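See structure below.
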Amino acid sequence: MARVCDLTGKKAIVGNKVSFSNHKTKRRFNPNLQLKKFFIPEDDMWITLKVSTSAIKTINRKGISAVLKEAVEKGHLR
């Protein structure tokens with residue numbers, strides 16, 4: 001399974017790990033993904049999504065239906 005948020009499309013980015021002696025080596029910054037179940041009252045069903053913690057905060061603000069609609073429009077979710 002890919003480390004990509006289902007709703008926002010966030011994925012790992014590459015950067016440098018910098019030591020005390022300023023020696024740089026490549027590293028990955030992974031998003032904080034959580035496997036979470038959401039209830040959709042319109043369809044009366046549960047869905048399981050792999051979402052970032054920032055997406056969970058957005059769902060709490062806007063609601064799951066609005067966020068799913070936006071994700072489909074942006075092409076992150078089918």
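Ligands are numbered from 1 in the order shown, residues from 1 within each chain, and chains are lettered A, B, ... in the order they appear in the structure tokens.
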
key: Residues of chain A in helix (DSSP H, G or I), written as a PyMOL selection string   = chain A and resi 53-62+64-74

Selection to disk with N, CA and C atoms, as a compact mmCIF listing (two decimals), in the first residue's frame:
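File produced: selection_35.txt:
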```
# COMPACT_ATOMS: atom_id res chain seq x y z
N THR A 53 -3.47 13.41 9.25
CA THR A 53 -4.09 14.02 10.42
C THR A 53 -4.66 15.40 10.07
N SER A 54 -4.06 16.09 9.12
CA SER A 54 -4.64 17.37 8.70
C SER A 54 -5.97 17.17 7.99
N ALA A 55 -6.12 16.06 7.27
CA ALA A 55 -7.40 15.75 6.61
C ALA A 55 -8.47 15.42 7.65
N ILE A 56 -8.09 14.78 8.74
CA ILE A 56 -9.04 14.48 9.82
C ILE A 56 -9.56 15.78 10.43
N LYS A 57 -8.67 16.77 10.62
CA LYS A 57 -9.09 18.06 11.14
C LYS A 57 -10.04 18.76 10.18
N THR A 58 -9.78 18.63 8.87
CA THR A 58 -10.65 19.24 7.87
C THR A 58 -12.02 18.58 7.88
N ILE A 59 -12.05 17.25 8.06
CA ILE A 59 -13.32 16.51 8.14
C ILE A 59 -14.12 16.97 9.36
N ASN A 60 -13.44 17.20 10.47
CA ASN A 60 -14.12 17.68 11.67
C ASN A 60 -14.73 19.06 11.46
N ARG A 61 -14.09 19.89 10.64
CA ARG A 61 -14.59 21.24 10.37
C ARG A 61 -15.72 21.24 9.35
N LYS A 62 -15.49 20.60 8.19
CA LYS A 62 -16.42 20.69 7.06
C LYS A 62 -17.45 19.56 7.00
N ILE A 64 -17.69 14.98 6.52
CA ILE A 64 -17.14 13.96 5.62
C ILE A 64 -17.70 14.07 4.21
N SER A 65 -18.97 14.41 4.07
CA SER A 65 -19.58 14.48 2.73
C SER A 65 -18.95 15.57 1.88
N ALA A 66 -18.73 16.74 2.46
CA ALA A 66 -18.13 17.85 1.71
C ALA A 66 -16.70 17.54 1.31
N VAL A 67 -15.95 16.90 2.22
CA VAL A 67 -14.55 16.59 1.93
C VAL A 67 -14.45 15.50 0.86
N LEU A 68 -15.33 14.51 0.91
CA LEU A 68 -15.34 13.47 -0.13
C LEU A 68 -15.67 14.07 -1.49
N LYS A 69 -16.61 15.00 -1.51
CA LYS A 69 -16.99 15.66 -2.77
C LYS A 69 -15.81 16.43 -3.36
N GLU A 70 -15.07 17.15 -2.51
CA GLU A 70 -13.88 17.89 -2.96
C GLU A 70 -12.80 16.95 -3.48
N ALA A 71 -12.60 15.80 -2.80
CA ALA A 71 -11.57 14.85 -3.20
C ALA A 71 -11.89 14.24 -4.57
N VAL A 72 -13.16 13.99 -4.83
CA VAL A 72 -13.56 13.45 -6.13
C VAL A 72 -13.33 14.50 -7.22
N GLU A 73 -13.65 15.77 -6.94
CA GLU A 73 -13.45 16.85 -7.91
C GLU A 73 -11.98 17.04 -8.24
N LYS A 74 -11.10 16.91 -7.23
CA LYS A 74 -9.66 17.07 -7.44
C LYS A 74 -9.01 15.83 -8.04
```

request  = Could you pull out the residues in range 3-78 of chain A that DSSP calls strand (DSSP E or B) from the backbone, as a ChimeraX atom specification?
outcome  = /A:13-18,24-29,33-40,45-52

Spatial neighbours of Lys36 in chain A, 8 Å, only C-alpha atoms, chain gap at least 5 places, as an MDAnalysis selection string = chainID A and resid 48:51

key: Atom pair CA of Arg3 in chain A / CA of Glu42 in chain A: separation (Å)   = 28.8 Å

query = Smallest atom-to-atom distance to Thr8 in chain A: which of A:Asp43, A:Gly63, A:Phe38, A:Pro31, using only C-alpha atoms?
reply =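 Smallest distance to Thr8 in chain A is found for A:Pro31.
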
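For the choices A:Arg27, A:Asp6, A:Asn32, A:Lys17, the atom-to-atom distance to Ile47 in chain A is smallest for A:Asp6 when using only C-alpha atoms.
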
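Counting only C-alpha atoms, the residue from A:Leu7, A:Leu77, A:Ala2, A:Met45 that sits nearest to Asn30 in chain A is A:Ala2.
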
request  = Quick one: pull the distance between CA of Phe29 in chain A and CA of Val4 in chain A, Å, one decimal.
outcome  =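 Answer for the CA of Phe29 in chain A to CA of Val4 in chain A separation: 12.1 Å.
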
ask   = Which is closest to Ala12 in chain A among A:Gln34, A:Arg28, A:Ser52, A:Arg78, if we use only C-alpha atoms?
value = A:Arg28

key: Atomic distance CA of Val14 in chain A - CA of Leu33 in chain A, expressed in Å with one decimal   = 16.9 Å
